[in-house]
Amino acid sequence: MMIRPYQVSDQPALLQLLQLNTPTYFAPSEKADYEHYLTHEIEDYFVLEADQQLVGAGGINYVEEGKSARISWDLLHPDFQGKGLGSKLVQYRLANIKRREGIAQVVVRTSQLAYPFYEKQGFKLMHTQKDFWAPGFDLYQLQINLS
């Protein structure tokens, strides 16, 4: 397993990963949002390689003038889910965030379909909103404090 920074050439494989996770974890309408993110909103984004293929990805965005970080756009190939790779990708990003001075909390915005995974990583549920991402895809906002 290797985690490395995202490269523009990774985009087709990442869009395929999103497709493999739709509609199980993502609404079909989120594809355009993801493409926009990859083109315009990346701050720190990482890909995970296993068995010599790209099997996952996840990002970090910095909010509130760098006082808070947001875990963003986590994807994992369905064949590699449940094997600890998603946890390694989250822990890798948390370690990167902890190296930045002044960040006290990390937020993740996900759905009712994935929030239990983040609770296992130590995140606490803070807020929910029905049909936020798309009909049937609710917002579950979780947070972990670093201090």
# chains A, B, ... in the order shown; residues from 1 in each chain; ligands from 1

$ select_by_dssp --residues "chain A" --states "alpha helix (DSSP H)" --output "number ranges by chain"
A: 11-20, 30-36, 85-98, 115-120

$ residues_around --residues "segment 118-123 of chain A" --least-positions-apart "5" --cutoff "12 Å" --atoms "only C-alpha atoms" --output "count of residues only"
29

$ residues_around --residues "Gln7 of chain A" --least-positions-apart "6" --cutoff "9 Å" --atoms "only C-alpha atoms" --output "number ranges by chain"
A: 45-47

$ residues_around --residues "Gly102 of chain A" --least-positions-apart "3" --cutoff "12 Å" --atoms "only C-alpha atoms" --output "PDB file with C-alpha atoms, in the first residue's frame"
ATOM      1  CA  TYR A  62      -8.544  24.167   5.363  1.00  0.00           C
ATOM      2  CA  VAL A  63     -11.327  26.404   6.643  1.00  0.00           C
ATOM      3  CA  GLU A  64     -11.829  29.233   9.126  1.00  0.00           C
ATOM      4  CA  GLU A  65      -8.534  30.883   8.125  1.00  0.00           C
ATOM      5  CA  GLY A  66      -6.570  27.699   8.728  1.00  0.00           C
ATOM      6  CA  LYS A  67      -7.950  27.027  12.225  1.00  0.00           C
ATOM      7  CA  SER A  68      -9.978  24.029  11.127  1.00  0.00           C
ATOM      8  CA  ALA A  69      -9.519  21.291   8.542  1.00  0.00           C
ATOM      9  CA  ILE A  97      -3.130  17.983   9.680  1.00  0.00           C
ATOM     10  CA  LYS A  98      -1.491  17.647  13.112  1.00  0.00           C
ATOM     11  CA  ARG A  99       1.800  18.850  11.619  1.00  0.00           C
ATOM     12  CA  GLN A 105     -10.413  20.472  14.955  1.00  0.00           C
ATOM     13  CA  VAL A 106     -11.129  18.364  11.909  1.00  0.00           C
ATOM     14  CA  ASN A 145     -10.709  17.736  18.313  1.00  0.00           C
ATOM     15  CA  LEU A 146      -6.945  17.618  18.014  1.00  0.00           C
ATOM     16  CA  SER A 147      -6.066  19.327  21.283  1.00  0.00           C
TER      17      SER A 147
END

$ atom_distance --atom1 "atom CA of Ser9 of chain A" --atom2 "atom CA of Lys83 of chain A"
26.1 Å

$ closest_residue --among "A:Gln53, A:Asn61, A:Gln129, A:Thr24" --to "Ala114 of chain A" --atoms "only C-alpha atoms"
A:Thr24

$ atom_distance --atom1 "atom CA of Trp133 of chain A" --atom2 "atom CA of Phe26 of chain A"
8.5 Å

$ residues_around --residues "segment 77-80 of chain A" --least-positions-apart "2" --cutoff "9 Å" --atoms "only C-alpha atoms" --output "list of chain:residue names"
A:Leu17, A:Leu18, A:Leu20, A:Asn21, A:Ala50, A:Leu54, A:Val55, A:Gly56, A:Leu75, A:Gly82, A:Lys83, A:Gly84, A:Leu85, A:Gly86

$ closest_residue --among "A:Ile60, A:Asp10, A:Tyr37, A:Ala32" --to "Ala95 of chain A" --atoms "only C-alpha atoms"
A:Ile60

$ select_by_dssp --residues "chain A" --states "strand (DSSP E or B)" --output "short mmCIF file (atom, residue, chain, number, x, y, z; two decimals) with C-alpha atoms, in the first residue's frame"
data_model
loop_
_atom_site.label_atom_id
_atom_site.label_comp_id
_atom_site.auth_asym_id
_atom_site.auth_seq_id
_atom_site.Cartn_x
_atom_site.Cartn_y
_atom_site.Cartn_z
CA MET A 2 1.23 3.48 -0.84
CA ILE A 3 -0.33 6.91 -0.27
CA ARG A 4 0.89 9.70 -2.51
CA PRO A 5 -0.22 13.19 -3.60
CA ASP A 44 -4.27 18.56 -0.20
CA TYR A 45 -5.54 15.45 -1.94
CA PHE A 46 -4.03 11.99 -1.74
CA VAL A 47 -4.48 8.74 -3.62
CA LEU A 48 -4.03 5.25 -2.26
CA GLU A 49 -2.43 2.55 -4.36
CA ALA A 50 -2.62 -1.17 -3.59
CA GLN A 53 -3.64 0.12 -8.88
CA LEU A 54 -5.32 3.26 -7.63
CA VAL A 55 -7.91 2.04 -5.12
CA GLY A 56 -8.73 5.07 -2.98
CA ALA A 57 -8.43 8.78 -2.42
CA GLY A 58 -9.20 11.48 0.10
CA GLY A 59 -8.54 15.13 0.66
CA ILE A 60 -8.02 17.86 3.19
CA ASN A 61 -9.35 21.38 2.92
CA TYR A 62 -8.54 24.17 5.36
CA VAL A 63 -11.33 26.40 6.64
CA SER A 68 -9.98 24.03 11.13
CA ALA A 69 -9.52 21.29 8.54
CA ARG A 70 -12.08 19.30 6.62
CA ILE A 71 -11.64 15.72 5.45
CA SER A 72 -13.09 15.67 1.94
CA TRP A 73 -14.12 13.33 -0.86
CA ASP A 74 -13.11 9.95 0.49
CA LEU A 75 -13.36 7.13 -2.04
CA LEU A 76 -12.37 3.49 -1.82
CA GLN A 105 -10.41 20.47 14.95
CA VAL A 106 -11.13 18.36 11.91
CA VAL A 107 -14.60 18.12 10.40
CA VAL A 108 -15.97 15.53 8.01
CA ARG A 109 -19.22 15.96 6.12
CA THR A 110 -20.62 12.66 4.91
CA LYS A 124 -18.24 12.63 16.99
CA LEU A 125 -21.57 13.37 15.30
CA MET A 126 -22.40 17.08 15.54
CA HIS A 127 -25.21 17.73 13.06
CA THR A 128 -27.52 16.09 10.52
CA GLN A 129 -29.64 17.49 7.70
CA LYS A 130 -32.06 15.44 5.62
CA ASP A 131 -31.59 15.24 1.83
CA PHE A 132 -28.58 17.60 1.90
CA TRP A 133 -26.47 15.97 -0.84
CA ALA A 134 -29.43 14.69 -2.87
CA PHE A 137 -28.49 11.33 0.95
CA ASP A 138 -28.49 13.15 4.29
CA LEU A 139 -25.68 15.28 5.69
CA TYR A 140 -23.93 13.87 8.73
CA GLN A 141 -21.33 16.30 10.05
CA LEU A 142 -18.78 14.89 12.46
CA GLN A 143 -15.83 16.43 14.24
CA ILE A 144 -12.69 15.40 16.05
CA ASN A 145 -10.71 17.74 18.31
#

$ closest_residue --among "A:Val8, A:Ala104, A:Leu15, A:Glu43" --to "Pro28 of chain A" --atoms "only C-alpha atoms"
A:Leu15

$ closest_residue --among "A:Gly136, A:Arg100, A:Pro116, A:Gln11" --to "Thr39 of chain A" --atoms "only C-alpha atoms"
A:Gln11

$ decode --residues "segment 39-137 of chain A" --atoms "C-alpha atoms" --output "compact mmCIF listing (two decimals), in the first residue's frame"
# COMPACT_ATOMS: atom_id res chain seq x y z
CA THR A 39 -10.34 20.88 -10.91
CA HIS A 40 -10.87 23.87 -8.62
CA GLU A 41 -10.97 23.05 -4.89
CA ILE A 42 -8.10 20.70 -4.09
CA GLU A 43 -5.78 21.87 -1.33
CA ASP A 44 -4.27 18.56 -0.20
CA TYR A 45 -5.54 15.45 -1.94
CA PHE A 46 -4.03 11.99 -1.74
CA VAL A 47 -4.48 8.74 -3.62
CA LEU A 48 -4.03 5.25 -2.26
CA GLU A 49 -2.43 2.55 -4.36
CA ALA A 50 -2.62 -1.17 -3.59
CA ASP A 51 -1.83 -4.12 -5.80
CA GLN A 52 -0.33 -1.65 -8.30
CA GLN A 53 -3.64 0.12 -8.88
CA LEU A 54 -5.32 3.26 -7.63
CA VAL A 55 -7.91 2.04 -5.12
CA GLY A 56 -8.73 5.07 -2.98
CA ALA A 57 -8.43 8.78 -2.42
CA GLY A 58 -9.20 11.48 0.10
CA GLY A 59 -8.54 15.13 0.66
CA ILE A 60 -8.02 17.86 3.19
CA ASN A 61 -9.35 21.38 2.92
CA TYR A 62 -8.54 24.17 5.36
CA VAL A 63 -11.33 26.40 6.64
CA GLU A 64 -11.83 29.23 9.13
CA GLU A 65 -8.53 30.88 8.13
CA GLY A 66 -6.57 27.70 8.73
CA LYS A 67 -7.95 27.03 12.23
CA SER A 68 -9.98 24.03 11.13
CA ALA A 69 -9.52 21.29 8.54
CA ARG A 70 -12.08 19.30 6.62
CA ILE A 71 -11.64 15.72 5.45
CA SER A 72 -13.09 15.67 1.94
CA TRP A 73 -14.12 13.33 -0.86
CA ASP A 74 -13.11 9.95 0.49
CA LEU A 75 -13.36 7.13 -2.04
CA LEU A 76 -12.37 3.49 -1.82
CA HIS A 77 -12.78 0.77 -4.42
CA PRO A 78 -15.55 -1.60 -3.23
CA ASP A 79 -13.21 -4.60 -3.47
CA PHE A 80 -10.87 -2.94 -0.95
CA GLN A 81 -13.46 -1.74 1.57
CA GLY A 82 -13.46 -3.35 5.00
CA LYS A 83 -9.72 -4.15 4.88
CA GLY A 84 -8.40 -1.21 6.91
CA LEU A 85 -7.23 0.88 3.95
CA GLY A 86 -9.83 3.60 4.49
CA SER A 87 -8.71 3.89 8.12
CA LYS A 88 -5.08 4.20 7.02
CA LEU A 89 -6.02 6.97 4.60
CA VAL A 90 -7.89 8.87 7.35
CA GLN A 91 -5.02 8.42 9.82
CA TYR A 92 -2.50 9.56 7.19
CA ARG A 93 -4.46 12.78 6.66
CA LEU A 94 -4.94 13.38 10.38
CA ALA A 95 -1.17 13.05 10.85
CA ASN A 96 -0.64 15.62 8.07
CA ILE A 97 -3.13 17.98 9.68
CA LYS A 98 -1.49 17.65 13.11
CA ARG A 99 1.80 18.85 11.62
CA ARG A 100 0.16 22.17 10.74
CA GLU A 101 0.20 24.72 13.50
CA GLY A 102 -3.03 26.12 14.87
CA ILE A 103 -5.56 23.55 13.68
CA ALA A 104 -7.71 22.55 16.62
CA GLN A 105 -10.41 20.47 14.95
CA VAL A 106 -11.13 18.36 11.91
CA VAL A 107 -14.60 18.12 10.40
CA VAL A 108 -15.97 15.53 8.01
CA ARG A 109 -19.22 15.96 6.12
CA THR A 110 -20.62 12.66 4.91
CA SER A 111 -23.90 10.83 4.64
CA GLN A 112 -25.88 8.45 6.81
CA LEU A 113 -24.31 5.68 4.75
CA ALA A 114 -20.70 6.33 5.79
CA TYR A 115 -20.82 8.16 9.12
CA PRO A 116 -20.33 5.00 11.27
CA PHE A 117 -16.90 4.57 9.63
CA TYR A 118 -15.84 8.02 10.86
CA GLU A 119 -17.19 7.37 14.34
CA LYS A 120 -14.84 4.37 14.48
CA GLN A 121 -12.01 6.80 13.65
CA GLY A 122 -12.88 8.91 16.72
CA PHE A 123 -15.12 11.54 15.09
CA LYS A 124 -18.24 12.63 16.99
CA LEU A 125 -21.57 13.37 15.30
CA MET A 126 -22.40 17.08 15.54
CA HIS A 127 -25.21 17.73 13.06
CA THR A 128 -27.52 16.09 10.52
CA GLN A 129 -29.64 17.49 7.70
CA LYS A 130 -32.06 15.44 5.62
CA ASP A 131 -31.59 15.24 1.83
CA PHE A 132 -28.58 17.60 1.90
CA TRP A 133 -26.47 15.97 -0.84
CA ALA A 134 -29.43 14.69 -2.87
CA PRO A 135 -32.79 13.07 -2.10
CA GLY A 136 -32.06 10.13 0.21
CA PHE A 137 -28.49 11.33 0.95
